[in-house]
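So this one's target02.pdb, PDB, C-alpha atoms, pLDDT in the B column:
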```pdb
MODEL        1
ATOM      1  CA  GLN A 294     -32.638 -28.475  49.245  1.00 87.00           C
ATOM      2  CA  VAL A 295     -31.983 -29.554  45.680  1.00 91.00           C
ATOM      3  CA  HIS A 296     -28.449 -29.787  44.334  1.00 95.00           C
ATOM      4  CA  LEU A 297     -27.940 -29.473  40.564  1.00 96.00           C
ATOM      5  CA  VAL A 298     -24.754 -30.192  38.646  1.00 96.00           C
ATOM      6  CA  GLU A 299     -24.494 -29.388  34.945  1.00 96.00           C
ATOM      7  CA  SER A 300     -21.999 -30.895  32.534  1.00 96.00           C
ATOM      8  CA  GLY A 301     -21.408 -31.268  28.817  1.00 97.00           C
ATOM      9  CA  GLY A 302     -20.549 -27.742  27.766  1.00 96.00           C
ATOM     10  CA  GLY A 303     -17.623 -26.924  25.539  1.00 97.00           C
ATOM     11  CA  LEU A 304     -16.425 -25.407  22.300  1.00 98.00           C
ATOM     12  CA  VAL A 305     -18.067 -26.488  19.054  1.00 98.00           C
ATOM     13  CA  GLN A 306     -18.174 -25.210  15.494  1.00 98.00           C
ATOM     14  CA  ALA A 307     -21.351 -23.767  14.021  1.00 98.00           C
ATOM     15  CA  GLY A 308     -23.616 -26.558  12.842  1.00 98.00           C
ATOM     16  CA  GLY A 309     -22.328 -28.941  15.478  1.00 98.00           C
ATOM     17  CA  SER A 310     -24.019 -30.573  18.433  1.00 98.00           C
ATOM     18  CA  LEU A 311     -23.633 -30.801  22.185  1.00 98.00           C
ATOM     19  CA  ARG A 312     -25.591 -32.549  24.900  1.00 98.00           C
ATOM     20  CA  LEU A 313     -25.856 -30.927  28.297  1.00 98.00           C
ATOM     21  CA  SER A 314     -26.680 -32.929  31.406  1.00 98.00           C
ATOM     22  CA  CYS A 315     -28.088 -31.798  34.737  1.00 97.00           C
ATOM     23  CA  ALA A 316     -27.916 -34.250  37.607  1.00 96.00           C
ATOM     24  CA  ALA A 317     -30.261 -33.546  40.503  1.00 94.00           C
ATOM     25  CA  SER A 318     -29.875 -34.734  44.083  1.00 91.00           C
ATOM     26  CA  GLY A 319     -31.358 -33.956  47.475  1.00 88.00           C
ATOM     27  CA  SER A 320     -35.075 -33.247  47.977  1.00 82.00           C
ATOM     28  CA  ILE A 321     -36.145 -33.923  44.411  1.00 83.00           C
ATOM     29  CA  ASP A 322     -39.534 -35.503  45.125  1.00 83.00           C
ATOM     30  CA  PHE A 323     -41.470 -32.240  44.908  1.00 83.00           C
ATOM     31  CA  ILE A 324     -39.902 -30.769  41.798  1.00 87.00           C
ATOM     32  CA  ASN A 325     -42.650 -29.541  39.469  1.00 89.00           C
ATOM     33  CA  SER A 326     -40.567 -28.908  36.389  1.00 94.00           C
ATOM     34  CA  MET A 327     -36.996 -28.645  35.185  1.00 96.00           C
ATOM     35  CA  ARG A 328     -35.710 -25.879  32.970  1.00 97.00           C
ATOM     36  CA  TRP A 329     -32.641 -24.835  31.034  1.00 98.00           C
ATOM     37  CA  TYR A 330     -31.733 -21.169  30.920  1.00 98.00           C
ATOM     38  CA  ARG A 331     -28.837 -19.424  29.237  1.00 98.00           C
ATOM     39  CA  GLN A 332     -27.088 -16.124  29.699  1.00 98.00           C
ATOM     40  CA  ALA A 333     -24.855 -14.535  27.114  1.00 96.00           C
ATOM     41  CA  PRO A 334     -22.387 -11.771  28.043  1.00 92.00           C
ATOM     42  CA  GLY A 335     -24.195  -8.469  28.545  1.00 94.00           C
ATOM     43  CA  LYS A 336     -27.628 -10.047  28.161  1.00 96.00           C
ATOM     44  CA  GLN A 337     -30.390 -11.121  30.509  1.00 97.00           C
ATOM     45  CA  ARG A 338     -30.854 -14.742  31.435  1.00 97.00           C
ATOM     46  CA  GLU A 339     -33.167 -16.406  28.905  1.00 97.00           C
ATOM     47  CA  LEU A 340     -35.449 -19.406  29.371  1.00 98.00           C
ATOM     48  CA  VAL A 341     -34.529 -21.979  26.731  1.00 98.00           C
ATOM     49  CA  ALA A 342     -36.562 -25.098  27.490  1.00 98.00           C
ATOM     50  CA  THR A 343     -38.887 -26.573  30.111  1.00 98.00           C
ATOM     51  CA  ILE A 344     -39.970 -30.128  30.863  1.00 97.00           C
ATOM     52  CA  SER A 345     -42.765 -30.914  33.310  1.00 94.00           C
ATOM     53  CA  THR A 346     -43.095 -33.976  35.522  1.00 90.00           C
ATOM     54  CA  SER A 347     -45.546 -35.383  32.956  1.00 90.00           C
ATOM     55  CA  GLY A 348     -43.067 -34.848  30.131  1.00 92.00           C
ATOM     56  CA  ILE A 349     -44.640 -31.804  28.513  1.00 96.00           C
ATOM     57  CA  THR A 350     -41.956 -29.694  26.846  1.00 98.00           C
ATOM     58  CA  ILE A 351     -41.840 -26.013  25.927  1.00 98.00           C
ATOM     59  CA  TYR A 352     -39.129 -24.246  23.949  1.00 98.00           C
ATOM     60  CA  ALA A 353     -38.059 -20.723  23.221  1.00 98.00           C
ATOM     61  CA  ASP A 354     -38.725 -19.762  19.612  1.00 98.00           C
ATOM     62  CA  SER A 355     -35.007 -19.272  19.054  1.00 97.00           C
ATOM     63  CA  VAL A 356     -34.251 -22.966  19.678  1.00 98.00           C
ATOM     64  CA  LYS A 357     -37.386 -24.736  18.429  1.00 98.00           C
ATOM     65  CA  GLY A 358     -36.542 -27.560  16.061  1.00 97.00           C
ATOM     66  CA  ARG A 359     -32.874 -27.541  17.120  1.00 98.00           C
ATOM     67  CA  PHE A 360     -32.892 -28.267  20.861  1.00 98.00           C
ATOM     68  CA  THR A 361     -34.559 -31.129  22.706  1.00 98.00           C
ATOM     69  CA  ILE A 362     -35.071 -31.346  26.456  1.00 98.00           C
ATOM     70  CA  SER A 363     -35.571 -34.752  28.039  1.00 97.00           C
ATOM     71  CA  ARG A 364     -35.370 -36.428  31.412  1.00 94.00           C
ATOM     72  CA  ASP A 365     -34.294 -39.771  32.818  1.00 92.00           C
ATOM     73  CA  ASN A 366     -36.190 -40.207  36.065  1.00 88.00           C
ATOM     74  CA  ASP A 367     -34.184 -43.274  37.071  1.00 90.00           C
ATOM     75  CA  LYS A 368     -30.990 -41.224  36.924  1.00 92.00           C
ATOM     76  CA  ASN A 369     -32.581 -37.979  38.202  1.00 92.00           C
ATOM     77  CA  THR A 370     -31.022 -36.278  35.204  1.00 95.00           C
ATOM     78  CA  VAL A 371     -32.293 -33.799  32.650  1.00 96.00           C
ATOM     79  CA  TYR A 372     -30.666 -33.372  29.254  1.00 98.00           C
ATOM     80  CA  LEU A 373     -30.539 -30.678  26.632  1.00 98.00           C
ATOM     81  CA  GLN A 374     -29.618 -31.984  23.203  1.00 98.00           C
ATOM     82  CA  MET A 375     -28.469 -29.063  21.078  1.00 98.00           C
ATOM     83  CA  ASN A 376     -28.162 -29.536  17.327  1.00 98.00           C
ATOM     84  CA  SER A 377     -27.411 -27.146  14.469  1.00 98.00           C
ATOM     85  CA  LEU A 378     -25.684 -24.830  16.894  1.00 98.00           C
ATOM     86  CA  LYS A 379     -25.205 -21.192  15.962  1.00 98.00           C
ATOM     87  CA  PRO A 380     -22.731 -18.596  17.256  1.00 97.00           C
ATOM     88  CA  GLU A 381     -25.664 -16.826  18.918  1.00 97.00           C
ATOM     89  CA  ASP A 382     -26.200 -19.909  21.088  1.00 98.00           C
ATOM     90  CA  THR A 383     -22.962 -19.044  22.886  1.00 98.00           C
ATOM     91  CA  ALA A 384     -23.772 -18.568  26.570  1.00 98.00           C
ATOM     92  CA  VAL A 385     -23.516 -20.034  30.014  1.00 98.00           C
ATOM     93  CA  TYR A 386     -26.282 -22.613  30.324  1.00 98.00           C
ATOM     94  CA  TYR A 387     -27.963 -23.116  33.682  1.00 98.00           C
ATOM     95  CA  CYS A 388     -30.166 -25.898  34.956  1.00 97.00           C
ATOM     96  CA  ASN A 389     -33.132 -24.865  37.118  1.00 97.00           C
ATOM     97  CA  ALA A 390     -35.453 -26.937  39.311  1.00 95.00           C
ATOM     98  CA  VAL A 391     -38.848 -25.503  40.168  1.00 93.00           C
ATOM     99  CA  ARG A 392     -40.733 -26.438  43.308  1.00 89.00           C
ATOM    100  CA  THR A 393     -43.936 -24.822  44.558  1.00 86.00           C
ATOM    101  CA  TYR A 394     -42.243 -22.203  46.715  1.00 88.00           C
ATOM    102  CA  SER A 395     -38.629 -22.346  45.622  1.00 91.00           C
ATOM    103  CA  ASN A 396     -36.165 -22.441  42.746  1.00 93.00           C
ATOM    104  CA  TYR A 397     -32.778 -24.092  42.599  1.00 96.00           C
ATOM    105  CA  TRP A 398     -29.908 -23.411  40.217  1.00 97.00           C
ATOM    106  CA  GLY A 399     -26.825 -25.223  39.056  1.00 96.00           C
ATOM    107  CA  GLN A 400     -23.446 -23.558  38.673  1.00 96.00           C
ATOM    108  CA  GLY A 401     -23.707 -23.301  34.889  1.00 97.00           C
ATOM    109  CA  THR A 402     -21.757 -24.744  31.998  1.00 97.00           C
ATOM    110  CA  GLN A 403     -20.176 -22.702  29.209  1.00 98.00           C
ATOM    111  CA  VAL A 404     -21.185 -23.354  25.602  1.00 98.00           C
ATOM    112  CA  THR A 405     -19.159 -21.595  22.930  1.00 98.00           C
ATOM    113  CA  VAL A 406     -20.066 -21.882  19.249  1.00 98.00           C
ATOM    114  CA  SER A 407     -17.454 -20.677  16.779  1.00 97.00           C
ATOM    115  CA  SER A 408     -18.368 -19.425  13.313  1.00 93.00           C
TER     116      SER A 408
ENDMDL
END
```
Would you put the structure from the file into structure tokens?
Amino acid sequence: QVHLVESGGGLVQAGGSLRLSCAASGSIDFINSMRWYRQAPGKQRELVATISTSGITIYADSVKGRFTISRDNDKNTVYLQMNSLKPEDTAVYYCNAVRTYSNYWGQGTQVTVSS
């Protein structure tokens, strides 16, 4: 089992920044990649960013150039730095850990961007 706890969400004005954190614990040795997803009201969950064990990163087109995913292996924590936030970035953001045969999710953290 992998336990994920997100933090760092909140209310911010358009153009502002937030940094989300996802602390992982439990059986983390076989995690292949870590991801951030988001889900806005009435919409499907959307993959925002991925970071592999080797540090390769992939971003959704909607956040490229504004969001940065990173990881601190010593702290077993993944971050999502979000800059130049837009009202359309408003959503619940979820951390996801991918292992070969399983997926684990955090409880989510709300990000609200006011115009």
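Closest approach to Ile321 in chain A among A:Tyr386, A:Phe360, A:Tyr372, A:Tyr397: A:Tyr397, based on only C-alpha atoms.
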Requested in this report: Find, counting only C-alpha atoms, the residue in A:Gln400, A:Leu373, A:Ser314, A:Pro334 that gets nearest to Gly301 in chain A.
Outcome: A:Ser314
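Proximity to Val371 in chain A at 8 Å, evaluated using all atoms listed in the file and with sequence-adjacent residues fewer than 5 positions away removed, yields A:Ser314, A:Cys315, A:Ala316, A:Met327, A:Ile362, A:Ser363, A:Arg364, A:Asp365.
Residues matching the PyMOL selection byres ((chain A and resi 311) around 10) in this structure come to Gly301, Gly302, Gly303, Leu304, Val305, Gly309, Ser310, Arg312, Leu313, Ser314, Phe360, Leu373, Gln374, Met375, Asn376, Ser377, Leu378 and Val404 of chain A.
Distance annotation: of A:Ser407, A:Leu297, A:Thr393, A:Thr383, the residue with the minimal separation from Gly319 in chain A is A:Leu297; atom set is all atoms listed in the file.
Take the PyMOL selection byres ((chain A and resi 345) around 10) and apply it to this file: it picks Ile324, Asn325, Ser326, Met327, Arg328, Thr343, Ile344, Thr346, Ser347, Gly348, Ile349, Thr350, Ile351, Ser363, Arg364 and Val391 of chain A.
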Report task. In the coordinate frame of the file, compute which residues have an atom within 12 Å of (-26.1, -18.8, 31.3) when using all atoms listed in the file, and state them as an MDAnalysis selection string. Result -> chainID A and resid 299 302 329:341 382:389 398:405
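We find CA of Gly358 in chain A and CA of Gly308 in chain A to be spaced 13.4 Å apart.
What separates CA of Val298 in chain A from CA of Thr361 in chain A is a distance of 18.7 Å.
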To box range 371-386 of chain A, take all atoms listed in the file, fit an axis-aligned box, add 6 Å on each side, and give centre and edge lengths in Å to one decimal, as JSON.
```
{"center_x": -27.5, "center_y": -25.3, "center_z": 23.6, "size_x": 21.6, "size_y": 29.0, "size_z": 30.2}
```
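Minimum atom-to-atom distance to Val406 in chain A, evaluated using all atoms listed in the file, belongs to A:Ala307 out of A:Ala317, A:Ala307, A:Val356, A:Val295.
Note that the spacing between CA of Thr370 in chain A and CA of His296 in chain A amounts to 11.5 Å.
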Query - Contact residues around Ser408 in chain A with all atoms listed in the file at 8 Å, ignoring same-chain residues under 4 positions, as JSON, numbers by chain - result: {"A": [306, 307, 379, 380]}
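Using only C-alpha atoms for every distance, the candidate list A:Asp354, A:Asn369, A:Gln294, A:Arg392 yields A:Gln294 as the residue closest to Ser320 in chain A.
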